[in-house]
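Below is one structure, written out as structure tokens; comments come after it.
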Amino acid sequence: MTWVKVCGLTNHEDVAVAVEAGADAIGLVNIETSPRYVSLAKAAGLAQGVPVHTVLLTIDAEPEHTLEFLEESGIDGVQPYGQRASEMARAATAGGYLVLNPQRAAPDLDLALTPGIPLLDTPSDTALGGTGRVFDWQLAESLTGRFVLAGGLGPDNVAAALAAVAPWGVDASSRLERVPGHKDRGMVADFVEKAKQT
């Protein structure tokens with residue numbers, strides 16, 4: 001069964017919606033340029049008592065301090081971006097945390113030495129993720145091993161994506177929203193249901 005992450009949650013209501021829908025993980029974005037930004041304190045509060053995996057999205061975060069925060073907050077893992085992303089991924093993997101390692105989909109993609117679980121997303125010069133844009137799934141057809149497919153996924157195309165690529169997991173954010181940072185209950189439920197049925 002496909003592993004499903006609902007990302008970009010900013011409030012307790014949306015966390016509950018994702019959990020009730022059957023998502024396996026939620027994403028909390030600690031990146032100030034994102035419309036889905038939450039502070040570390042708020043991320044810790046949103047993750048408290050959540051019965052699914054919780055993943056903190058970071059950029060240029062210092063690994064030692066971030067791992068201390070994960071331990072204190074009970075957050076299960078990281079999705080690191082920026083110049084220190086590889087360092088963070090290696091440190092979190094060594095610490096036993098769940099690591100979703102963002103990779104831009106490209107023809108020469110090689111995931112062999114990627115620490116953690118690769119997360120394939122649509123390349124963008126202006127955003128780290130959450131663009132709502134799909135990349136050419138043929139770029140991922142020949143990949144082996146566990147990886148998470150992201151990039152413009154929603155209820156209308158997740159079944160087709162899974163049929164085309166057969167990833168271990170899927171991740172969605174912007175196409176499950178009413179407005180940036182606020183999820184649509186029906187769209188979240190529909191997305192998770194269709195992902196789990198495939």
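As shown in the structure tokens, the chain order sets the letters A, B, ...; within each chain, residues go from 1, and ligands are also counted from 1 in the order they appear.
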
Neighbour list for A:Leu111 as a ChimeraX atom specification, cut-off 10 Å, only C-alpha atoms, skip fewer than 3 positions in-chain: /A:101,103,108,114-115,117-120,143-147

Alpha helix (DSSP H) per DSSP on the backbone: members of stretch 13-175 of chain A, as a PyMOL selection string: chain A and resi 13-21+40-47+63-73+85-94+158-165

Suppose we keep C-alpha atoms; can you now write the selection as a PDB file, in the first residue's frame?
```
ATOM      1  CA  GLU A  13      -7.697  21.319  12.242  1.00  0.00           C
ATOM      2  CA  ASP A  14      -5.743  20.390   9.115  1.00  0.00           C
ATOM      3  CA  VAL A  15      -3.536  17.976  11.063  1.00  0.00           C
ATOM      4  CA  ALA A  16      -6.690  16.220  12.254  1.00  0.00           C
ATOM      5  CA  VAL A  17      -8.058  16.154   8.694  1.00  0.00           C
ATOM      6  CA  ALA A  18      -4.903  14.481   7.387  1.00  0.00           C
ATOM      7  CA  VAL A  19      -4.825  11.926  10.191  1.00  0.00           C
ATOM      8  CA  GLU A  20      -8.530  11.105   9.840  1.00  0.00           C
ATOM      9  CA  ALA A  21      -8.095  10.673   6.084  1.00  0.00           C
ATOM     10  CA  LEU A  40       9.671  25.690  15.478  1.00  0.00           C
ATOM     11  CA  ALA A  41       7.475  26.257  18.528  1.00  0.00           C
ATOM     12  CA  LYS A  42       4.324  25.940  16.451  1.00  0.00           C
ATOM     13  CA  ALA A  43       5.669  22.863  14.649  1.00  0.00           C
ATOM     14  CA  ALA A  44       6.298  21.218  18.012  1.00  0.00           C
ATOM     15  CA  GLY A  45       2.759  22.033  19.110  1.00  0.00           C
ATOM     16  CA  LEU A  46       1.206  20.712  15.911  1.00  0.00           C
ATOM     17  CA  ALA A  47       3.195  17.473  16.152  1.00  0.00           C
ATOM     18  CA  PRO A  63      22.233  19.704  12.010  1.00  0.00           C
ATOM     19  CA  GLU A  64      23.195  19.488  15.688  1.00  0.00           C
ATOM     20  CA  HIS A  65      20.632  22.034  16.831  1.00  0.00           C
ATOM     21  CA  THR A  66      17.946  20.565  14.563  1.00  0.00           C
ATOM     22  CA  LEU A  67      18.477  17.045  15.897  1.00  0.00           C
ATOM     23  CA  GLU A  68      18.221  18.415  19.438  1.00  0.00           C
ATOM     24  CA  PHE A  69      14.927  20.031  18.484  1.00  0.00           C
ATOM     25  CA  LEU A  70      13.621  16.793  16.950  1.00  0.00           C
ATOM     26  CA  GLU A  71      14.437  14.919  20.134  1.00  0.00           C
ATOM     27  CA  GLU A  72      12.802  17.537  22.357  1.00  0.00           C
ATOM     28  CA  SER A  73       9.693  17.960  20.206  1.00  0.00           C
ATOM     29  CA  ALA A  85      20.808  19.634   3.068  1.00  0.00           C
ATOM     30  CA  SER A  86      23.223  16.740   2.487  1.00  0.00           C
ATOM     31  CA  GLU A  87      24.909  17.301   5.839  1.00  0.00           C
ATOM     32  CA  MET A  88      21.532  17.381   7.553  1.00  0.00           C
ATOM     33  CA  ALA A  89      20.333  14.250   5.743  1.00  0.00           C
ATOM     34  CA  ARG A  90      23.429  12.290   6.766  1.00  0.00           C
ATOM     35  CA  ALA A  91      23.252  13.439  10.399  1.00  0.00           C
ATOM     36  CA  ALA A  92      19.530  12.694  10.721  1.00  0.00           C
ATOM     37  CA  THR A  93      19.913   9.294   9.059  1.00  0.00           C
ATOM     38  CA  ALA A  94      22.730   8.434  11.472  1.00  0.00           C
ATOM     39  CA  VAL A 158      -2.419  10.557  -8.121  1.00  0.00           C
ATOM     40  CA  ALA A 159      -3.800   7.259  -9.467  1.00  0.00           C
ATOM     41  CA  ALA A 160      -2.263   7.952 -12.888  1.00  0.00           C
ATOM     42  CA  ALA A 161       1.051   8.876 -11.251  1.00  0.00           C
ATOM     43  CA  LEU A 162       1.138   5.665  -9.264  1.00  0.00           C
ATOM     44  CA  ALA A 163       0.296   3.606 -12.341  1.00  0.00           C
ATOM     45  CA  ALA A 164       3.043   5.306 -14.354  1.00  0.00           C
ATOM     46  CA  VAL A 165       5.840   5.331 -11.789  1.00  0.00           C
TER      47      VAL A 165
END
```

Polymer residues at most 10 Å from A:Glu32, only C-alpha atoms, same-chain spacing of 5 or more positions, as a JSON list (two decimals) with C-alpha atoms, in the first residue's frame:
```json
[["chain", "number", "residue", "atom", "x", "y", "z"],
["A", 37, "TYR", "CA", 5.63, 28.51, 7.25],
["A", 38, "VAL", "CA", 5.34, 27.55, 10.92],
["A", 39, "SER", "CA", 7.81, 28.45, 13.65],
["A", 58, "THR", "CA", 14.11, 22.96, 6.92],
["A", 59, "ILE", "CA", 16.49, 25.14, 4.92]]
```

Counting only C-alpha atoms, the option among A:Gly169, A:Gly22, A:Gly116, A:Gly186 closest to A:Pro155: A:Gly186

Distance query A:Val78 at most 8 Å, only C-alpha atoms, self and fewer than 6 positions along chain excluded, as a PyMOL selection string: chain A and resi 55-58+89+92+97-100

Residue among A:Arg178, A:His12, A:Arg36, A:Lys5 lying closest to A:Val52, counting only C-alpha atoms: A:Lys5

Separation of atom CA of A:Ser174 from atom CA of A:Ser34 in Å: 11.2 Å

Which of stretch 3-180 of chain A DSSP labels strand (DSSP E or B), written as a PyMOL selection string: chain A and resi 3-6+25-29+37+53-59+77-81+98-104+117-121+148-149+169-172+177-179

File dump, residues just selected, N, CA and C atoms, as a short mmCIF file (atom, residue, chain, number, x, y, z; two decimals), in the first residue's frame:
```cif
data_model
loop_
_atom_site.label_atom_id
_atom_site.label_comp_id
_atom_site.auth_asym_id
_atom_site.auth_seq_id
_atom_site.Cartn_x
_atom_site.Cartn_y
_atom_site.Cartn_z
N TRP A 3 2.56 4.71 0.72
CA TRP A 3 2.78 5.60 1.86
C TRP A 3 2.41 7.02 1.41
N VAL A 4 1.66 7.75 2.25
CA VAL A 4 1.13 9.06 1.85
C VAL A 4 1.49 10.13 2.87
N LYS A 5 2.07 11.22 2.37
CA LYS A 5 2.35 12.38 3.22
C LYS A 5 1.54 13.57 2.74
N VAL A 6 0.90 14.26 3.67
CA VAL A 6 0.22 15.52 3.40
C VAL A 6 1.08 16.62 3.99
N ALA A 25 1.87 10.38 7.10
CA ALA A 25 2.79 11.41 7.60
C ALA A 25 2.23 12.79 7.29
N ILE A 26 2.68 13.76 8.09
CA ILE A 26 2.37 15.16 7.82
C ILE A 26 3.67 15.93 7.74
N GLY A 27 3.65 17.01 6.96
CA GLY A 27 4.82 17.86 6.82
C GLY A 27 4.59 19.23 7.41
N LEU A 28 5.58 19.72 8.17
CA LEU A 28 5.52 21.03 8.83
C LEU A 28 6.67 21.87 8.30
N VAL A 29 6.36 23.00 7.68
CA VAL A 29 7.33 23.77 6.91
C VAL A 29 7.94 24.89 7.76
N TYR A 37 4.63 28.44 6.18
CA TYR A 37 5.63 28.51 7.25
C TYR A 37 5.00 28.38 8.63
N HIS A 53 3.64 9.76 11.29
CA HIS A 53 4.96 10.39 11.20
C HIS A 53 4.83 11.90 11.02
N THR A 54 5.71 12.63 11.68
CA THR A 54 5.78 14.08 11.53
C THR A 54 7.14 14.45 10.96
N VAL A 55 7.14 15.29 9.94
CA VAL A 55 8.37 15.63 9.22
C VAL A 55 8.53 17.14 9.19
N LEU A 56 9.71 17.61 9.60
CA LEU A 56 10.02 19.05 9.62
C LEU A 56 10.79 19.41 8.37
N LEU A 57 10.28 20.35 7.58
CA LEU A 57 10.99 20.86 6.41
C LEU A 57 11.87 22.01 6.85
N THR A 58 13.16 21.96 6.49
CA THR A 58 14.11 22.96 6.92
C THR A 58 14.91 23.49 5.73
N ILE A 59 15.56 24.63 5.93
CA ILE A 59 16.49 25.14 4.92
C ILE A 59 17.73 25.70 5.63
N GLY A 77 11.13 13.27 11.83
CA GLY A 77 12.10 13.33 10.74
C GLY A 77 12.22 14.70 10.12
N VAL A 78 13.05 14.75 9.08
CA VAL A 78 13.33 16.02 8.40
C VAL A 78 13.25 15.84 6.88
N GLN A 79 12.99 16.97 6.25
CA GLN A 79 13.05 17.10 4.79
C GLN A 79 13.90 18.33 4.53
N PRO A 80 15.22 18.16 4.39
CA PRO A 80 16.13 19.31 4.38
C PRO A 80 16.38 19.90 2.99
N TYR A 81 16.45 21.23 2.96
CA TYR A 81 16.77 21.96 1.74
C TYR A 81 17.97 22.87 2.01
N LEU A 98 13.62 9.66 10.40
CA LEU A 98 13.10 9.56 9.04
C LEU A 98 13.65 10.74 8.24
N VAL A 99 14.22 10.46 7.08
CA VAL A 99 14.75 11.53 6.22
C VAL A 99 14.13 11.42 4.84
N LEU A 100 13.40 12.46 4.44
CA LEU A 100 12.94 12.60 3.06
C LEU A 100 13.91 13.56 2.40
N ASN A 101 14.66 13.08 1.42
CA ASN A 101 15.75 13.84 0.82
C ASN A 101 15.31 14.39 -0.53
N PRO A 102 14.98 15.69 -0.61
CA PRO A 102 14.45 16.26 -1.85
C PRO A 102 15.47 16.20 -3.00
N GLN A 103 14.98 15.75 -4.15
CA GLN A 103 15.79 15.68 -5.36
C GLN A 103 14.98 16.26 -6.51
N ARG A 104 15.62 17.12 -7.30
CA ARG A 104 14.94 17.67 -8.47
C ARG A 104 14.90 16.63 -9.58
N ILE A 117 15.35 8.66 2.27
CA ILE A 117 14.42 8.28 1.20
C ILE A 117 14.33 9.44 0.22
N PRO A 118 14.71 9.25 -1.03
CA PRO A 118 14.63 10.34 -2.01
C PRO A 118 13.18 10.79 -2.21
N LEU A 119 12.99 12.11 -2.32
CA LEU A 119 11.70 12.70 -2.63
C LEU A 119 11.86 13.47 -3.93
N LEU A 120 11.23 12.99 -4.99
CA LEU A 120 11.37 13.61 -6.30
C LEU A 120 10.34 14.70 -6.49
N ASP A 121 10.80 15.90 -6.84
CA ASP A 121 9.91 17.03 -6.99
C ASP A 121 10.23 17.77 -8.28
N VAL A 148 9.82 8.74 -2.85
CA VAL A 148 8.52 9.41 -2.73
C VAL A 148 8.36 10.34 -3.92
N LEU A 149 7.20 10.28 -4.54
CA LEU A 149 6.89 11.13 -5.69
C LEU A 149 6.10 12.35 -5.22
N GLY A 169 6.05 6.00 -2.11
CA GLY A 169 5.17 6.94 -1.45
C GLY A 169 4.85 8.14 -2.31
N VAL A 170 3.87 8.92 -1.89
CA VAL A 170 3.50 10.16 -2.57
C VAL A 170 3.38 11.28 -1.53
N ASP A 171 3.53 12.52 -2.02
CA ASP A 171 3.51 13.69 -1.15
C ASP A 171 2.77 14.80 -1.87
N ALA A 172 1.84 15.45 -1.19
CA ALA A 172 1.09 16.54 -1.81
C ALA A 172 0.89 17.67 -0.83
N GLU A 177 -5.29 22.41 -1.20
CA GLU A 177 -5.61 23.60 -0.41
C GLU A 177 -6.77 24.41 -0.96
N ARG A 178 -7.49 25.07 -0.03
CA ARG A 178 -8.47 26.08 -0.38
C ARG A 178 -7.74 27.38 -0.70
N VAL A 179 -6.81 27.74 0.20
CA VAL A 179 -5.89 28.87 0.01
C VAL A 179 -4.56 28.40 0.58
#
```

Residues within 8 Å of A:Leu139, only C-alpha atoms, excluding chain neighbours under 6 positions, as number ranges by chain: A: 105-107, 109

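Residue nearest A:Gly95 within the list A:Glu62, A:Asp136, A:Asp76, A:Glu141: A:Asp76 [criterion: smallest interatomic distance, only C-alpha atoms].
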
Nearest-residue call for A:Lys183, choices A:Pro123, A:Ala150, A:Ile31, A:Cys7, using only C-alpha atoms: A:Cys7

Using only C-alpha atoms: which of A:Ala140, A:Leu176, A:Val188, A:Val134 has the shortest distance to A:Asp110: A:Ala140

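Taking atom CA of A:Thr2 and atom CA of A:Gln48 as the two end points, the separation is 24.6 Å.
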
Contacts of A:Lys196 at 7 Å (only C-alpha atoms; same-chain gap of 3+ positions) as a VMD selection string: chain A and resid 1 to 2 192 to 193
